[in-house]
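S.K.: Contents are mmCIF, C-alpha atoms; file name my_file.cif:
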data_target
#
loop_
_atom_site.label_atom_id
_atom_site.label_comp_id
_atom_site.auth_asym_id
_atom_site.auth_seq_id
_atom_site.Cartn_x
_atom_site.Cartn_y
_atom_site.Cartn_z
CA MET A 1489 160.16 147.25 182.99
CA ARG A 1490 162.23 145.88 180.15
CA PRO A 1491 160.94 142.28 180.51
CA THR A 1492 157.39 143.68 180.38
CA SER A 1493 158.23 145.61 177.21
CA TYR A 1494 159.44 142.35 175.66
CA TYR A 1495 156.07 140.78 176.43
CA PHE A 1496 154.22 143.43 174.42
CA TYR A 1497 156.84 143.19 171.63
CA TYR A 1498 156.45 139.41 171.30
CA LYS A 1499 152.65 139.72 171.36
CA ALA A 1500 152.86 142.23 168.50
CA ILE A 1501 155.27 140.20 166.38
CA ALA A 1502 153.04 137.13 166.82
CA ILE A 1503 150.11 138.84 165.07
CA ALA A 1504 151.86 141.23 162.64
CA ASP A 1505 154.58 141.22 159.98
CA ALA A 1506 158.11 141.45 161.33
CA SER A 1507 158.84 144.37 158.99
CA LEU A 1508 155.93 146.35 160.43
CA VAL A 1509 157.00 145.67 163.99
CA ALA A 1510 160.59 146.63 163.12
CA ALA A 1511 159.34 149.95 161.77
CA LEU A 1512 157.20 150.65 164.84
CA ILE A 1513 160.23 150.10 167.08
CA GLN A 1514 161.28 153.60 165.99
CA LEU A 1515 158.57 154.94 168.31
CA ALA A 1516 161.03 154.32 171.13
CA VAL A 1517 163.30 157.08 169.83
CA VAL A 1518 160.49 159.63 170.16
CA PHE A 1519 159.66 158.51 173.69
CA ASP A 1520 163.35 158.52 174.62
CA TYR A 1521 163.82 162.07 173.41
CA ILE A 1522 160.79 163.38 175.32
CA LEU A 1523 161.53 161.53 178.58
CA ALA A 1524 165.25 162.34 178.50
CA LEU A 1525 164.43 166.00 177.94
CA LEU A 1526 161.99 166.05 180.87
CA PHE A 1527 163.91 164.01 183.45
CA LEU A 1528 167.57 164.16 182.39
CA HIS A 1529 167.52 167.61 180.75
CA GLU A 1530 169.27 166.23 177.67
CA ARG A 1531 169.05 168.57 174.72
CA LEU A 1532 170.19 167.56 171.26
CA ARG A 1533 171.86 169.89 168.80
CA ILE A 1534 170.17 170.49 165.46
CA ILE A 1535 172.83 168.44 163.65
CA GLN A 1536 172.19 165.52 166.04
CA ILE A 1537 168.45 165.70 165.41
CA LEU A 1538 169.00 165.74 161.64
CA ALA A 1539 171.40 162.78 161.84
CA GLY A 1540 168.85 160.93 163.97
CA LEU A 1541 166.12 161.58 161.40
CA VAL A 1542 168.39 160.20 158.65
CA ILE A 1543 168.92 157.05 160.73
CA ILE A 1544 165.19 156.63 161.36
CA ALA A 1545 164.41 157.17 157.65
CA GLY A 1546 166.97 154.56 156.68
CA SER A 1547 165.63 152.04 159.18
CA LEU A 1548 162.08 152.60 157.90
CA ILE A 1549 163.20 152.07 154.29
CA ILE A 1550 165.02 148.88 155.20
CA THR A 1551 161.78 147.38 156.55
CA LEU A 1552 159.70 148.22 153.47
CA ASP A 1553 158.40 145.47 151.22
CA THR A 1554 159.80 146.22 147.76
CA LYS A 1555 156.88 144.36 146.18
CA GLY A 1556 154.64 147.19 147.26
CA ASN A 1557 152.46 145.17 149.59
CA ALA A 1558 150.60 147.42 152.00
CA TRP A 1559 151.03 147.03 155.73
CA ASN A 1560 147.93 145.99 157.62
CA LEU A 1561 148.29 148.18 160.70
CA ARG A 1562 145.68 147.11 163.22
CA PRO A 1563 145.00 149.28 166.29
CA GLN A 1564 145.92 146.33 168.52
CA VAL A 1565 149.40 146.07 166.99
CA LEU A 1566 149.96 149.82 167.27
CA LEU A 1567 148.86 149.80 170.92
CA LEU A 1568 151.15 146.87 171.74
CA MET A 1569 154.16 148.58 170.16
CA VAL A 1570 153.36 151.89 171.85
CA MET A 1571 153.33 150.04 175.18
CA SER A 1572 156.55 148.17 174.35
CA SER A 1573 158.38 151.27 173.12
CA GLY A 1574 157.13 153.39 176.01
CA LEU A 1575 158.24 150.89 178.65
CA THR A 1576 161.62 150.47 176.97
CA SER A 1577 162.10 154.24 177.02
CA VAL A 1578 161.11 154.45 180.69
CA SER A 1579 163.61 151.67 181.40
CA PHE A 1580 166.42 153.47 179.55
CA VAL A 1581 165.78 156.85 181.16
CA SER A 1582 165.27 155.49 184.68
CA PHE A 1583 168.45 153.42 184.36
CA LYS A 1584 170.51 156.44 183.36
CA PHE A 1585 168.85 158.58 186.04
CA VAL A 1586 170.09 156.14 188.70
CA ALA A 1587 173.32 154.85 187.13
CA ARG A 1588 174.90 158.24 186.48
CA ASP A 1589 175.28 158.79 190.24
CA THR A 1590 176.03 155.20 191.31
CA ASN A 1591 178.30 152.29 190.45
CA PHE A 1592 177.59 150.76 187.03
CA ALA A 1593 178.15 147.17 188.21
CA ALA A 1594 175.75 147.64 191.13
CA THR A 1595 172.96 148.92 188.89
CA GLN A 1596 173.42 145.94 186.57
CA PHE A 1597 173.23 143.52 189.49
CA TYR A 1598 169.95 144.97 190.77
CA SER A 1599 168.54 145.21 187.25
CA TYR A 1600 169.10 141.55 186.40
CA SER A 1601 168.09 140.43 189.90
CA CYS A 1602 164.69 142.03 189.25
CA ALA A 1603 164.50 140.23 185.89
CA LEU A 1604 165.17 136.93 187.67
CA VAL A 1605 162.39 137.61 190.17
CA ILE A 1606 159.95 138.45 187.35
CA GLY A 1607 160.89 135.26 185.50
CA ALA A 1608 160.33 133.18 188.62
CA ALA A 1609 156.97 134.86 189.19
CA VAL A 1610 155.85 134.11 185.63
CA PHE A 1611 156.87 130.46 186.06
CA CYS A 1612 154.99 130.16 189.36
CA PHE A 1613 151.78 131.98 188.47
CA SER A 1614 151.35 131.39 184.71
CA ARG A 1615 150.12 127.86 184.11
CA SER A 1616 150.54 128.05 180.32
CA ALA A 1617 154.13 129.33 180.56
CA ARG A 1618 155.02 126.70 183.14
CA SER A 1619 153.45 123.87 181.15
CA SER A 1620 155.17 124.97 177.93
CA PHE A 1621 158.54 125.17 179.68
CA LEU A 1622 158.23 121.75 181.32
CA LEU A 1623 157.03 120.16 178.07
CA THR A 1624 159.98 121.57 176.14
CA MET A 1625 162.42 120.43 178.80
CA SER A 1626 161.00 116.91 178.82
CA ARG A 1627 161.21 116.52 175.03
CA LYS A 1628 164.30 118.46 173.97
CA ARG A 1629 166.22 119.27 177.14
CA ALA A 1630 169.73 119.40 175.64
CA ALA A 1631 168.73 121.49 172.62
CA ALA A 1632 166.55 123.81 174.70
CA LEU A 1633 169.23 124.41 177.32
CA GLY A 1634 171.97 124.86 174.72
CA LEU A 1635 170.06 127.36 172.59
CA SER A 1636 168.76 129.15 175.67
CA GLN A 1637 172.24 129.60 177.12
CA ILE A 1638 173.67 130.88 173.83
CA ASN A 1639 170.75 133.27 173.43
CA GLU A 1640 171.08 134.59 176.98
CA VAL A 1641 174.83 135.15 176.71
CA VAL A 1642 174.43 137.10 173.45
CA HIS A 1643 171.42 138.98 174.81
CA PHE A 1644 173.20 139.84 178.05
CA GLY A 1645 176.23 141.11 176.15
CA GLY A 1646 174.05 143.33 173.98
CA LEU A 1647 172.15 144.77 176.95
CA LEU A 1648 175.36 145.39 178.87
CA ALA A 1649 176.88 147.28 175.94
CA GLY A 1650 173.68 149.26 175.41
CA ASN A 1651 173.42 150.22 179.08
CA TYR A 1652 177.03 151.37 179.17
CA ALA A 1653 176.49 153.41 176.00
CA LEU A 1654 173.62 155.21 177.75
CA LEU A 1655 176.14 156.67 180.19
CA LEU A 1656 178.33 157.99 177.36
CA ALA A 1657 175.77 159.68 175.09
CA PRO A 1658 172.23 161.11 175.13
CA VAL A 1659 169.51 158.48 175.48
CA ALA A 1660 167.80 159.41 172.20
CA VAL A 1661 171.09 159.08 170.29
CA VAL A 1662 171.82 155.63 171.73
CA SER A 1663 168.25 154.53 171.05
CA ALA A 1664 168.36 155.71 167.42
CA VAL A 1665 171.59 153.79 166.78
CA MET A 1666 170.36 150.63 168.55
CA THR A 1667 166.97 150.40 166.84
CA SER A 1668 168.36 151.16 163.38
CA THR A 1669 171.22 148.68 163.57
CA GLN A 1670 168.75 145.99 164.64
CA SER A 1671 167.01 146.45 161.29
CA VAL A 1672 170.36 146.15 159.49
CA TYR A 1673 171.17 142.93 161.33
CA MET A 1674 167.75 141.53 160.45
CA VAL A 1675 168.43 142.04 156.73
CA LEU A 1676 172.01 140.75 156.79
CA ILE A 1677 171.28 137.68 158.91
CA GLY A 1678 168.14 136.92 156.89
CA ALA A 1679 170.10 137.06 153.62
CA LEU A 1680 172.91 134.92 155.05
CA LEU A 1681 170.51 132.26 156.32
CA THR A 1682 168.67 132.24 152.98
CA VAL A 1683 171.93 131.50 151.16
CA THR A 1684 173.20 128.88 153.61
CA PHE A 1685 169.94 127.30 154.82
CA SER A 1686 167.48 127.94 151.99
CA HIS A 1687 165.38 124.93 153.03
CA LEU A 1688 164.71 126.53 156.43
CA ILE A 1689 164.30 130.22 155.65
CA LYS A 1690 163.47 132.17 152.50
CA GLU A 1691 164.13 135.91 152.36
CA ASN A 1692 163.92 138.10 149.28
CA ILE A 1693 167.50 138.51 148.03
CA SER A 1694 166.70 139.72 144.53
CA ARG A 1695 168.85 142.45 142.99
CA ASP A 1696 166.23 145.22 143.27
CA HIS A 1697 165.49 144.29 146.87
CA LEU A 1698 169.16 144.30 147.87
CA VAL A 1699 169.80 147.65 146.14
CA VAL A 1700 167.08 149.28 148.25
CA LYS A 1701 168.39 147.67 151.42
CA LEU A 1702 171.97 148.71 150.62
CA ALA A 1703 170.83 152.31 150.13
CA ALA A 1704 169.03 152.19 153.48
CA ILE A 1705 172.09 150.73 155.21
CA THR A 1706 174.20 153.52 153.69
CA MET A 1707 171.79 156.12 155.12
CA ILE A 1708 171.92 154.49 158.55
CA THR A 1709 175.72 154.35 158.46
CA ALA A 1710 175.98 157.99 157.40
CA GLY A 1711 173.58 159.10 160.12
CA THR A 1712 175.41 157.07 162.75
CA LEU A 1713 178.77 158.52 161.73
CA GLY A 1714 177.21 161.96 161.91
CA LEU A 1715 176.10 161.34 165.49
CA VAL A 1716 179.46 159.92 166.54
CA LEU A 1717 181.72 162.49 164.87
CA MET A 1718 179.72 165.67 165.54
#
Could you write out this file's structure as structure tokens?

M.R.:
Amino acid sequence: MRPTSYYFYYKAIAIADASLVAALIQLAVVFDYILALLFLHERLRIIQILAGLVIIAGSLIITLDTKGNAWNLRPQVLLLMVMSSGLTSVSFVSFKFVARDTNFAATQFYSYSCALVIGAAVFCFSRSARSSFLLTMSRKRAAALGLSQINEVVHFGGLLAGNYALLLAPVAVVSAVMTSTQSVYMVLIGALLTVTFSHLIKENISRDHLVVKLAAITMITAGTLGLVLM
């Protein structure tokens, strides 16, 4: 399910602002809470809910455009992100439903085996995906393979850590921390790349902009500490 959720996510980010998509990712927390309550019987304490709301508020603030530009939220983008968030939540809850009574390593093996099968199916039955892949490999094989391997190793490490965290805490709590910290990383990495590679990427790193982002990061950190310590 998770690879399918990525498909809807990438479709949304291709036609909408990254900041809008980052904000809509928070829908996953709502789905996670509802599904975990129904199928895992996970109930959050009031203090956990409040800390989660602080995290979500901070992650929404961090995606705002400080210039005051309005988001153009099209129904298509909203539908794509609802599908992506919903499938991600189903994946999280179903994983925990199975993994809590079985071996963690075994569940990971079957999970990534399914992802491999889906990838092979896309390559075999999608002419556009196959053509794009073969064209890239013929022109920039070394660069494509190198970047792909680095990306997959980092991605795999993140998923592995996230899946293990699901076994240690309520799904909604893990989801709130994961989605909010993604927004923080987007801001920090964007600012770093703007300073070091200004000819390739240009993010707003003005004083007013950074003050707002720092306040949002502080909210996210406070909410996360509240979830961890309480």

S.K.: Using only C-alpha atoms, which residue out of A:Leu1633, A:Ile1705, A:Leu1655, A:Val1565 lies closest to A:Phe1585?

M.R.: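 Among the listed residues, the smallest separation from A:Phe1585 belongs to A:Leu1655.
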
S.K.: For the file shown, what are the residues hit by the PyMOL selection byres ((chain A and resi 1708) around 9), laid out as a list of chain:residue names?

M.R.: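 Checked against the file, the PyMOL selection byres ((chain A and resi 1708) around 9) matches A:Ala1539, A:Gly1540, A:Val1542, A:Ile1543, A:Ile1544, A:Ala1545, A:Gly1546, A:Ser1547, A:Val1665, A:Ser1668, A:Thr1669, A:Val1672, A:Ala1703, A:Ala1704, A:Ile1705, A:Thr1706, A:Met1707, A:Thr1709, A:Ala1710, A:Gly1711, A:Thr1712, A:Leu1713.
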
S.K.: Neighbours of A:Glu1691 within 7 Å (only C-alpha atoms; same-chain residues fewer than 2 positions away dropped), as an MDAnalysis selection string?

M.R.: chainID A and resid 1678:1679 1682 1689 1693

S.K.: Just so the selection is clear, what residues does the PyMOL selection byres ((chain A and resi 1583) around 10) cover here, as a list in words?

M.R.: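 With the shown file as input, the PyMOL selection byres ((chain A and resi 1583) around 10) matches Ser1577, Val1578, Ser1579, Phe1580, Val1581, Ser1582, Lys1584, Phe1585, Val1586, Ala1587, Arg1588, Phe1592, Thr1595, Gln1596, Ser1599, Asn1651, Leu1654 and Leu1655 of chain A.
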
S.K.: Put those residues in a file: C-alpha atoms, as a compact mmCIF listing (two decimals), keeping the file's coordinate frame.

M.R.:
# COMPACT_ATOMS: atom_id res chain seq x y z
CA SER A 1577 162.10 154.24 177.02
CA VAL A 1578 161.11 154.45 180.69
CA SER A 1579 163.61 151.67 181.40
CA PHE A 1580 166.42 153.47 179.55
CA VAL A 1581 165.78 156.85 181.16
CA SER A 1582 165.27 155.49 184.68
CA LYS A 1584 170.51 156.44 183.36
CA PHE A 1585 168.85 158.58 186.04
CA VAL A 1586 170.09 156.14 188.70
CA ALA A 1587 173.32 154.85 187.13
CA ARG A 1588 174.90 158.24 186.48
CA PHE A 1592 177.59 150.76 187.03
CA THR A 1595 172.96 148.92 188.89
CA GLN A 1596 173.42 145.94 186.57
CA SER A 1599 168.54 145.21 187.25
CA ASN A 1651 173.42 150.22 179.08
CA LEU A 1654 173.62 155.21 177.75
CA LEU A 1655 176.14 156.67 180.19

S.K.: Go ahead and compute the interatomic distance for atom CA of A:Leu1635 and atom CA of A:Ala1502, in Å to one decimal.

M.R.: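 Between atom CA of A:Leu1635 and atom CA of A:Ala1502 the gap is 20.5 Å.
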